[in-house]
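Have a look at start-v7.cif below; it lists mmCIF, C-alpha atoms.
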```cif
data_query
#
loop_
_atom_site.label_atom_id
_atom_site.label_comp_id
_atom_site.auth_asym_id
_atom_site.auth_seq_id
_atom_site.Cartn_x
_atom_site.Cartn_y
_atom_site.Cartn_z
CA ASP A 1 -65.26 60.38 47.94
CA PHE A 2 -65.17 61.63 44.32
CA GLY A 3 -68.32 61.26 42.25
CA PRO A 4 -68.12 59.22 38.98
CA LYS A 5 -68.17 62.25 36.67
CA PHE A 6 -65.65 64.27 38.68
CA ALA A 7 -63.41 61.23 39.16
CA GLY A 8 -63.38 60.62 35.38
CA GLU A 9 -62.45 64.27 34.75
CA LYS A 10 -59.55 64.19 37.21
CA LEU A 11 -58.28 60.83 35.86
CA LEU A 12 -58.07 62.39 32.41
CA GLU A 13 -56.68 65.71 33.62
CA ASN A 14 -54.05 64.41 36.06
CA HIS A 15 -53.24 60.92 34.73
CA ASN A 16 -54.28 60.99 31.05
CA ILE A 17 -56.66 58.05 31.60
CA ALA A 18 -59.84 58.41 29.52
CA ILE A 19 -62.79 56.51 31.04
CA SER A 20 -66.47 57.39 30.70
CA LYS A 21 -68.36 58.40 33.82
CA GLU A 22 -70.67 55.37 33.51
CA THR A 23 -67.67 53.01 33.46
CA VAL A 24 -66.26 54.79 36.52
CA ARG A 25 -69.68 54.51 38.22
CA THR A 26 -69.78 50.73 37.58
CA MET A 27 -66.23 50.30 38.90
CA MET A 28 -67.03 52.30 42.05
CA ILE A 29 -70.17 50.23 42.71
CA ASP A 30 -68.21 46.99 42.28
CA LEU A 31 -65.55 48.26 44.71
CA LYS A 32 -68.31 49.26 47.15
CA LEU A 33 -67.21 52.89 46.92
CA ARG A 34 -70.66 53.99 45.83
CA LYS A 35 -74.21 52.90 46.54
CA VAL A 36 -76.92 52.65 43.89
CA LYS A 37 -79.55 55.33 44.50
CA PRO A 38 -83.17 54.08 44.39
CA ARG A 39 -85.48 55.59 41.83
CA LYS A 40 -87.91 58.29 42.93
CA THR A 41 -91.33 56.78 43.58
CA ASN A 42 -93.38 59.53 45.27
CA GLY A 43 -94.48 61.02 41.95
CA GLU A 44 -93.78 64.62 43.01
CA TYR A 45 -93.18 67.12 40.24
CA HIS A 46 -91.54 70.53 40.58
CA ALA A 47 -91.64 72.98 37.67
CA TRP A 48 -88.45 75.00 37.17
CA ARG A 49 -88.70 78.76 36.90
CA PRO A 50 -87.47 79.98 33.48
CA ARG A 51 -84.09 81.69 33.50
CA LYS A 52 -83.84 85.43 33.04
CA GLU A 53 -83.11 86.46 29.46
CA TYR A 54 -80.09 88.76 29.80
CA TYR A 55 -76.73 88.48 31.50
CA GLY A 56 -76.78 90.82 34.52
CA GLU A 57 -80.56 90.92 34.78
CA MET A 58 -80.56 89.03 38.11
CA GLN A 59 -77.88 87.66 40.40
CA GLN A 60 -78.67 84.95 42.95
CA PHE A 61 -76.59 85.55 46.08
CA ASP A 62 -75.98 83.71 49.35
CA GLY A 63 -73.36 82.66 51.87
CA SER A 64 -72.38 79.14 52.94
CA TYR A 65 -70.60 78.08 56.14
CA HIS A 66 -68.71 74.84 55.58
CA LEU A 67 -65.45 73.02 56.28
CA TRP A 68 -64.09 74.18 52.95
CA PHE A 69 -60.51 73.24 53.88
CA GLU A 70 -61.60 70.03 55.65
CA ASP A 71 -59.40 69.22 58.66
CA ARG A 72 -56.65 71.61 57.47
CA SER A 73 -58.58 74.59 58.86
CA GLY A 74 -61.81 75.44 60.65
CA GLU A 75 -65.21 76.45 59.30
CA HIS A 76 -65.25 79.36 56.85
CA CYS A 77 -67.91 81.38 55.01
CA LEU A 78 -68.03 81.51 51.22
CA LEU A 79 -70.02 84.36 49.65
CA ALA A 80 -71.00 83.76 46.04
CA SER A 81 -73.24 85.13 43.30
CA ILE A 82 -74.40 83.31 40.17
CA ASP A 83 -75.95 84.89 37.10
CA ASP A 84 -79.47 83.59 36.54
CA ALA A 85 -79.36 83.77 32.72
CA THR A 86 -75.97 82.15 32.08
CA GLY A 87 -75.28 80.08 35.19
CA HIS A 88 -71.86 81.77 35.47
CA ILE A 89 -70.28 82.36 38.84
CA THR A 90 -69.87 86.14 38.71
CA LYS A 91 -68.01 86.40 42.01
CA ALA A 92 -67.03 84.15 44.93
CA VAL A 93 -65.00 85.18 47.98
CA PHE A 94 -64.07 83.57 51.29
CA ALA A 95 -65.12 86.10 53.96
CA LYS A 96 -65.04 86.28 57.75
CA ASN A 97 -68.83 85.96 58.01
CA GLU A 98 -72.12 86.85 56.33
CA GLY A 99 -72.44 90.14 58.21
CA VAL A 100 -73.20 93.54 56.73
CA ILE A 101 -69.54 94.67 56.48
CA GLU A 102 -68.34 91.58 54.59
CA VAL A 103 -71.42 91.58 52.32
CA SER A 104 -70.88 95.30 51.63
CA LYS A 105 -67.27 94.64 50.61
CA PHE A 106 -68.47 91.86 48.30
CA TRP A 107 -70.96 94.07 46.43
CA LYS A 108 -68.65 97.08 46.31
CA GLU A 109 -66.02 94.94 44.56
CA TYR A 110 -68.71 93.37 42.36
CA ALA A 111 -69.95 96.79 41.19
CA GLU A 112 -66.39 97.91 40.45
CA GLU A 113 -65.66 94.73 38.43
CA HIS A 114 -68.96 94.14 36.58
CA GLY A 115 -71.20 97.15 37.12
CA LYS A 116 -74.61 97.18 38.79
CA PRO A 117 -77.00 94.25 38.15
CA THR A 118 -80.68 95.00 37.70
CA GLY A 119 -81.67 92.82 40.66
CA VAL A 120 -80.30 90.54 43.37
CA TYR A 121 -82.21 87.45 44.53
CA LEU A 122 -81.48 86.40 48.13
CA ASP A 123 -83.01 84.86 51.25
CA LYS A 124 -84.42 86.36 54.45
CA PHE A 125 -81.19 86.29 56.44
CA SER A 126 -81.10 89.13 58.97
CA THR A 127 -78.33 90.94 57.08
CA TYR A 128 -80.64 91.36 54.10
CA LYS A 129 -84.16 91.62 55.49
CA VAL A 130 -85.97 92.67 58.69
CA ASN A 131 -87.93 89.55 59.62
CA HIS A 132 -90.20 90.90 62.35
CA LYS A 133 -93.83 89.92 61.77
CA ASN A 134 -94.97 93.56 61.83
CA ALA A 135 -92.16 94.87 59.60
CA VAL A 136 -93.08 96.41 56.26
CA ASP A 137 -90.91 97.80 53.48
CA THR A 138 -90.54 101.30 54.89
CA HIS A 139 -87.51 103.43 55.71
CA GLU A 140 -87.82 102.57 59.42
CA PHE A 141 -87.71 98.82 58.80
CA MET A 142 -84.95 98.67 56.19
CA THR A 143 -81.67 96.93 56.92
CA GLN A 144 -78.35 98.66 56.26
CA PHE A 145 -77.83 96.41 53.23
CA GLU A 146 -81.25 97.35 51.80
CA ARG A 147 -80.35 101.04 52.16
CA MET A 148 -77.05 100.46 50.33
CA MET A 149 -78.77 98.69 47.45
CA GLN A 150 -81.43 101.39 47.30
CA ARG A 151 -78.74 104.10 47.08
CA MET A 152 -77.11 102.13 44.25
CA GLY A 153 -80.39 101.61 42.41
CA ILE A 154 -80.27 97.79 42.65
CA LYS A 155 -83.55 95.96 43.24
CA LEU A 156 -83.61 93.30 45.97
CA ILE A 157 -85.86 90.26 45.52
CA VAL A 158 -86.46 88.12 48.62
CA ALA A 159 -87.06 84.38 48.27
CA HIS A 160 -89.60 82.75 50.59
CA SER A 161 -88.03 79.27 50.43
CA PRO A 162 -84.64 77.69 49.60
CA GLU A 163 -86.17 76.05 46.53
CA ALA A 164 -87.06 79.45 45.08
CA LYS A 165 -83.37 80.34 44.72
CA GLY A 166 -82.39 76.87 43.65
CA ARG A 167 -79.48 77.88 41.39
CA ILE A 168 -77.37 79.31 44.21
CA GLU A 169 -78.32 76.38 46.48
CA ARG A 170 -77.23 73.86 43.83
CA LEU A 171 -74.09 75.90 43.22
CA PHE A 172 -73.02 75.56 46.86
CA LYS A 173 -73.77 71.85 46.76
CA THR A 174 -71.52 71.53 43.71
CA LEU A 175 -68.79 73.68 45.26
CA GLN A 176 -68.86 71.68 48.49
CA ASP A 177 -68.07 68.65 46.33
CA ARG A 178 -65.73 69.93 43.61
CA LEU A 179 -64.06 72.97 45.16
CA VAL A 180 -63.23 71.15 48.39
CA LYS A 181 -61.50 68.34 46.48
CA GLU A 182 -59.69 70.69 44.09
CA MET A 183 -58.21 72.59 47.04
CA ARG A 184 -57.32 69.30 48.73
CA LEU A 185 -55.33 68.20 45.65
CA LEU A 186 -53.51 71.56 45.62
CA SER A 187 -53.04 71.65 49.45
CA ILE A 188 -54.75 75.05 49.70
CA SER A 189 -55.46 75.74 53.38
CA ALA A 190 -55.87 79.53 53.76
CA PRO A 191 -58.69 81.87 52.62
CA GLU A 192 -56.27 84.34 50.99
CA GLU A 193 -54.72 81.65 48.79
CA ALA A 194 -58.17 80.16 48.09
CA ASN A 195 -59.51 83.54 46.90
CA ARG A 196 -56.67 83.87 44.38
CA TYR A 197 -57.32 80.32 43.15
CA LEU A 198 -61.06 81.01 42.82
CA LYS A 199 -60.57 84.16 40.77
CA ASP A 200 -57.70 83.03 38.54
CA VAL A 201 -58.40 79.32 37.98
CA PHE A 202 -61.56 77.76 39.38
CA ILE A 203 -64.26 80.28 38.34
CA PRO A 204 -63.10 80.62 34.69
CA LYS A 205 -62.87 76.82 34.42
CA PHE A 206 -66.28 76.30 36.07
CA ASN A 207 -68.02 78.87 33.85
CA LYS A 208 -66.54 77.35 30.70
CA GLN A 209 -67.74 73.87 31.68
CA PHE A 210 -71.15 74.58 33.22
CA GLY A 211 -72.22 77.94 31.78
CA VAL A 212 -75.14 78.18 29.34
CA ILE A 213 -75.97 80.56 26.50
CA PRO A 214 -78.55 83.17 27.59
CA ALA A 215 -81.87 83.52 25.79
CA LYS A 216 -80.89 86.99 24.51
CA GLU A 217 -77.50 88.48 23.82
CA GLY A 218 -76.40 91.51 25.78
CA ASN A 219 -75.08 92.64 29.13
CA VAL A 220 -77.55 94.74 31.15
CA HIS A 221 -75.16 95.62 33.97
CA LYS A 222 -75.20 99.41 34.47
CA GLN A 223 -71.78 101.02 34.59
CA LEU A 224 -70.95 103.20 37.58
CA SER A 225 -71.24 106.95 37.14
CA VAL A 226 -68.35 109.28 37.92
CA SER A 227 -70.09 110.37 41.13
CA GLU A 228 -70.64 106.76 42.22
CA LYS A 229 -67.00 105.86 41.57
CA GLU A 230 -65.85 108.79 43.69
CA ASN A 231 -68.24 107.97 46.57
CA MET A 232 -68.16 104.17 46.66
CA LEU A 233 -67.02 104.03 50.29
CA ALA A 234 -69.81 106.41 51.32
CA LEU A 235 -72.44 104.46 49.36
CA PHE A 236 -71.40 101.17 50.97
CA SER A 237 -71.24 102.49 54.54
CA VAL A 238 -73.23 101.59 57.63
CA GLN A 239 -75.13 104.76 58.55
CA LYS A 240 -76.63 105.72 61.90
CA THR A 241 -78.28 108.96 63.04
CA ARG A 242 -77.46 110.79 66.28
CA VAL A 243 -78.67 114.11 67.74
CA VAL A 244 -76.30 116.96 68.67
CA SER A 245 -76.39 117.71 72.41
CA ASN A 246 -76.27 121.15 74.03
CA ASP A 247 -72.47 121.02 74.33
CA PHE A 248 -72.14 119.95 70.66
CA CYS A 249 -71.11 116.41 71.51
CA ILE A 250 -72.47 113.13 70.14
CA ARG A 251 -72.61 109.85 72.03
CA TYR A 252 -72.00 106.89 69.73
CA GLU A 253 -71.01 103.30 70.62
CA ASN A 254 -69.64 104.32 74.03
CA LYS A 255 -67.59 107.09 72.43
CA TRP A 256 -67.84 110.84 72.92
CA ILE A 257 -67.49 112.78 69.68
CA GLN A 258 -66.82 116.53 69.94
CA LEU A 259 -67.78 118.77 67.03
CA VAL A 260 -65.07 121.44 66.71
CA LYS A 261 -65.78 125.14 66.06
CA ASP A 262 -64.32 125.24 62.53
CA GLN A 263 -67.05 123.66 60.37
CA THR A 264 -68.15 123.45 56.75
CA THR A 265 -71.78 124.27 57.55
CA THR A 266 -73.85 125.72 60.38
CA ILE A 267 -74.62 123.24 63.18
CA CYS A 268 -77.35 123.87 65.72
CA ARG A 269 -78.24 122.01 68.86
CA ARG A 270 -80.61 119.06 68.30
CA ASP A 271 -79.54 118.70 64.67
CA ALA A 272 -79.62 115.10 63.38
CA ILE A 273 -76.11 114.03 62.32
CA VAL A 274 -75.52 111.05 60.02
CA ILE A 275 -72.58 108.87 61.10
CA GLU A 276 -70.96 106.82 58.33
CA ASN A 277 -68.99 103.73 59.35
CA ARG A 278 -67.15 102.80 56.17
CA ILE A 279 -65.83 99.37 55.24
CA ASP A 280 -62.25 100.69 55.33
CA GLY A 281 -62.65 101.24 59.09
CA THR A 282 -62.98 105.04 59.01
CA MET A 283 -65.83 107.11 60.48
CA HIS A 284 -67.32 110.27 58.95
CA LEU A 285 -70.02 112.68 60.14
CA LYS A 286 -72.38 114.36 57.70
CA LEU A 287 -75.04 117.09 57.91
CA ARG A 288 -76.93 118.42 54.89
CA GLU A 289 -74.51 116.57 52.57
CA LYS A 290 -71.54 118.35 54.19
CA TYR A 291 -68.86 116.41 56.05
CA LEU A 292 -68.09 117.79 59.50
CA ASN A 293 -64.91 118.23 61.51
CA PHE A 294 -64.75 116.38 64.82
CA LYS A 295 -62.49 114.70 67.34
CA ILE A 296 -62.87 111.67 69.60
CA LEU A 297 -62.69 112.51 73.31
CA ALA A 298 -60.90 110.26 75.77
CA GLU A 299 -63.56 110.84 78.46
CA ARG A 300 -66.94 112.43 78.97
CA PRO A 301 -66.74 116.20 78.27
CA GLN A 302 -67.19 118.80 81.00
CA LYS A 303 -70.18 121.14 80.88
CA LEU A 304 -69.62 124.35 78.95
CA ARG A 305 -69.54 127.60 80.94
CA GLU A 306 -70.11 129.78 77.88
CA LYS A 307 -73.43 129.64 76.10
CA ILE A 308 -73.09 128.57 72.45
CA THR A 309 -76.18 128.27 70.28
CA ALA A 310 -74.59 127.23 67.00
CA LEU A 311 -71.31 126.38 65.28
CA VAL A 312 -70.90 128.43 62.12
CA PRO A 313 -68.29 128.31 59.35
CA ALA A 314 -65.37 130.70 59.83
CA PRO A 315 -65.71 133.89 57.68
CA ILE A 316 -63.47 134.15 54.65
CA ILE A 317 -61.04 137.09 55.08
CA ARG A 318 -59.50 138.12 51.80
CA GLU A 319 -55.94 139.41 51.61
CA SER A 320 -57.21 142.77 50.32
CA MET A 321 -59.26 143.20 53.51
CA GLN A 322 -56.18 142.79 55.71
CA ARG A 323 -53.91 145.16 53.73
CA LYS A 324 -53.77 148.89 54.68
CA PRO A 325 -53.78 151.42 51.79
CA ASN A 326 -50.63 153.47 51.10
CA GLU A 327 -50.29 157.13 52.11
CA ASN A 328 -50.88 158.32 48.54
CA HIS A 329 -53.86 156.03 48.00
CA PRO A 330 -56.96 157.86 46.64
CA TRP A 331 -58.89 156.78 49.70
CA ARG A 332 -56.55 158.82 51.92
CA LYS A 333 -56.90 162.05 49.88
CA SER A 334 -59.26 164.86 50.83
CA PHE A 335 -62.77 164.74 49.48
CA PHE A 336 -62.42 168.28 48.04
CA GLY A 337 -58.90 167.85 46.65
CA LYS A 338 -57.99 171.02 44.67
CA SER A 339 -61.50 172.30 44.34
CA GLU A 340 -62.69 175.79 45.22
CA PHE A 341 -63.57 174.60 48.73
CA ALA A 342 -60.06 173.25 49.48
CA ASN A 343 -58.91 176.23 51.63
CA THR A 344 -62.26 177.27 53.03
CA LYS A 345 -63.25 177.30 56.66
CA TYR A 346 -65.65 174.39 55.90
CA ASN A 347 -62.75 172.25 54.71
CA ALA A 348 -60.61 173.19 57.68
CA ILE A 349 -63.31 172.19 60.13
CA HIS A 350 -64.08 168.95 58.40
#
```
Structure re-expressed in structure tokens:
Amino acid sequence: DFGPKFAGEKLLENHNIAISKETVRTMMIDLKLRKVKPRKTNGEYHAWRPRKEYYGEMQQFDGSYHLWFEDRSGEHCLLASIDDATGHITKAVFAKNEGVIEVSKFWKEYAEEHGKPTGVYLDKFSTYKVNHKNAVDTHEFMTQFERMMQRMGIKLIVAHSPEAKGRIERLFKTLQDRLVKEMRLLSISAPEEANRYLKDVFIPKFNKQFGVIPAKEGNVHKQLSVSEKENMLALFSVQKTRVVSNDFCIRYENKWIQLVKDQTTTICRRDAIVIENRIDGTMHLKLREKYLNFKILAERPQKLREKITALVPAPIIRESMQRKPNENHPWRKSFFGKSEFANTKYNAIH
């Protein structure tokens, strides 16, 4: 099932047999391993969109479900991005699915490896775009992924047809041919092993063979700031908003979350709390850019008997405020001391 060009490459690479792809094509047709494709006769013409000028100016991104390991394993999802200017595969990873958590992990790792691209070109899959007919690009109708990209300052460009993002579509078609056969020859059958092979061997080899020189030299990826590096997990987190109840509990995904008394900021009833579900599996609560202290309750909390209107931060008690002054401390001495009023009746009374 190898194509003529790929078969010629592998014959040279694995067996040191140098044959042109046209000779291989003729041999395959004679052996009835390949059919001659008829010429296109409908006269249709499609103009190609010019490539972007700089490396990092736009990444085309998508996911593909396929039998990547053939009958050695089931169907898996491959997430990949290709640079529009150079045709280089910038990142490719076998993931569990094309959901928001796996896509968030992909772009977090991408930003740490390459920096932030100017824009990302993708389709209208529900992870990336709200597809309701009445939806508009407002805060209420933004997906979690759109919010993440907005916080990172990365522009999202949505394609209205598969042909519009043709480079990533053709990339997957090529990978479903070449990558599948390469992994078959190496007996790779697990996503973990395949991800190592992609990063260390396949992607560098692919980029060297199929990459092109961009129209203009330069890399326009923006490097992460110190603040972004420190808060990457928070930036790439799924965020939901919940309201504090009268007993300072929050109901979230069939869980009861109790806000404890010791807090970093003042919390009032009916405050809107932001819940961060991070890609490392942890959960954090935030109010006015302050992270809160909480605990997960095993069951629904009982009603409070005491009336509490707010949770406030504990006052800071300095060591000097707790220490009693010595007997000879100036504070313990008489106000008059050795003055002329020291032995007067006024001093005795007071």
For the file shown, what are the residues hit by the PyMOL selection byres ((chain A and resi 191-206) around 8), laid out as a compact mmCIF listing (two decimals) with C-alpha atoms, in the coordinates of the input?
```txt
# COMPACT_ATOMS: atom_id res chain seq x y z
CA HIS A 88 -71.86 81.77 35.47
CA ILE A 89 -70.28 82.36 38.84
CA LYS A 91 -68.01 86.40 42.01
CA ALA A 92 -67.03 84.15 44.93
CA VAL A 93 -65.00 85.18 47.98
CA PHE A 94 -64.07 83.57 51.29
CA ALA A 95 -65.12 86.10 53.96
CA LEU A 179 -64.06 72.97 45.16
CA MET A 183 -58.21 72.59 47.04
CA ILE A 188 -54.75 75.05 49.70
CA SER A 189 -55.46 75.74 53.38
CA ALA A 190 -55.87 79.53 53.76
CA ASN A 207 -68.02 78.87 33.85
CA LYS A 208 -66.54 77.35 30.70
CA GLN A 209 -67.74 73.87 31.68
CA PHE A 210 -71.15 74.58 33.22
CA GLY A 211 -72.22 77.94 31.78
```
Legend entry - Interatomic distance, atom CA of A:Pro313 to atom CA of A:Ile257 (Å, one decimal): 18.7 Å
Inset, instruction - Just give me the gap between atom CA of A:Met58 and atom CA of A:Lys229 in Å, one decimal is fine. - result: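 Value for the atom CA of A:Met58-atom CA of A:Lys229 distance: 21.9 Å.
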Legend entry - Counting all atoms listed in the file, the option among A:Ile101, A:Val158, A:Leu171, A:Ala7 closest to A:Ala80: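 Once distances to A:Ala80 are computed over all atoms listed in the file, the minimum belongs to A:Leu171.
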Inset, instruction - I need the residue set behind the PyMOL selection byres ((chain A and resi 260) around 9) for this file; please write it as a PyMOL selection string. - result: chain A and resi 248+258-259+261-263+292-295+311
Inset, instruction - Output the residue selection produced by the PyMOL selection byres ((chain A and resi 2-4) around 9) on the file above, formatted as a ChimeraX atom specification. - result: /A:1,5-9,20-26,28,34,177-178,181
Inset, instruction - Calculate how many Å separate atom CA of A:Gln144 from atom CA of A:Cys249, rounding to one decimal. - result: 24.5 Å
Inset, instruction - Between A:Gly153, A:Gly166, A:Pro330, A:Gly74, single out the one closest to A:Gln223, counting only C-alpha atoms. - result: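 Using only C-alpha atoms, A:Gln223 sits closest to A:Gly153.
With distances taken from (-77.9, 106.6, 61.3) and restricted to only C-alpha atoms, the residues inside 8 Å are A:Val238, A:Gln239, A:Lys240, A:Thr241, A:Arg242, A:Ile273, A:Val274, A:Ile275, A:Glu276.
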Inset, instruction - Measuring atom to atom with only C-alpha atoms, identify which of A:Tyr121, A:Tyr55, A:Phe145, A:Trp68 is nearest to A:Val212. - result: A:Tyr55
Legend entry - Near-A:Phe61 list (9 Å; all atoms listed in the file; drop same-chain fewer than 3 positions) as a VMD selection string: chain A and resid 79 to 82 120 to 123 165 168
Report as a short mmCIF file (atom, residue, chain, number, x, y, z; two decimals) with C-alpha atoms, in the coordinates of the input all protein, DNA and RNA residues lying within 12 Å of A:Trp107, evaluated on all atoms listed in the file, omitting residues in the same chain fewer than 3 positions from it.
```cif
data_model
loop_
_atom_site.label_atom_id
_atom_site.label_comp_id
_atom_site.auth_asym_id
_atom_site.auth_seq_id
_atom_site.Cartn_x
_atom_site.Cartn_y
_atom_site.Cartn_z
CA GLN A 59 -77.88 87.66 40.40
CA PHE A 61 -76.59 85.55 46.08
CA ASP A 62 -75.98 83.71 49.35
CA LEU A 79 -70.02 84.36 49.65
CA ALA A 80 -71.00 83.76 46.04
CA SER A 81 -73.24 85.13 43.30
CA THR A 90 -69.87 86.14 38.71
CA LYS A 91 -68.01 86.40 42.01
CA ALA A 92 -67.03 84.15 44.93
CA VAL A 93 -65.00 85.18 47.98
CA VAL A 100 -73.20 93.54 56.73
CA ILE A 101 -69.54 94.67 56.48
CA GLU A 102 -68.34 91.58 54.59
CA VAL A 103 -71.42 91.58 52.32
CA SER A 104 -70.88 95.30 51.63
CA TYR A 110 -68.71 93.37 42.36
CA ALA A 111 -69.95 96.79 41.19
CA GLU A 112 -66.39 97.91 40.45
CA GLU A 113 -65.66 94.73 38.43
CA HIS A 114 -68.96 94.14 36.58
CA GLY A 115 -71.20 97.15 37.12
CA LYS A 116 -74.61 97.18 38.79
CA PRO A 117 -77.00 94.25 38.15
CA VAL A 120 -80.30 90.54 43.37
CA PHE A 145 -77.83 96.41 53.23
CA MET A 148 -77.05 100.46 50.33
CA MET A 149 -78.77 98.69 47.45
CA MET A 152 -77.11 102.13 44.25
CA ILE A 154 -80.27 97.79 42.65
CA MET A 232 -68.16 104.17 46.66
CA LEU A 233 -67.02 104.03 50.29
CA LEU A 235 -72.44 104.46 49.36
CA PHE A 236 -71.40 101.17 50.97
CA SER A 237 -71.24 102.49 54.54
CA ILE A 279 -65.83 99.37 55.24
#
```
Legend entry - Nearest to A:Phe69, chosen from A:Arg278, A:Lys216, A:Lys324, A:Arg184, with only C-alpha atoms counted in the distances: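 Of the candidates, the smallest distance to A:Phe69 is held by A:Arg184.
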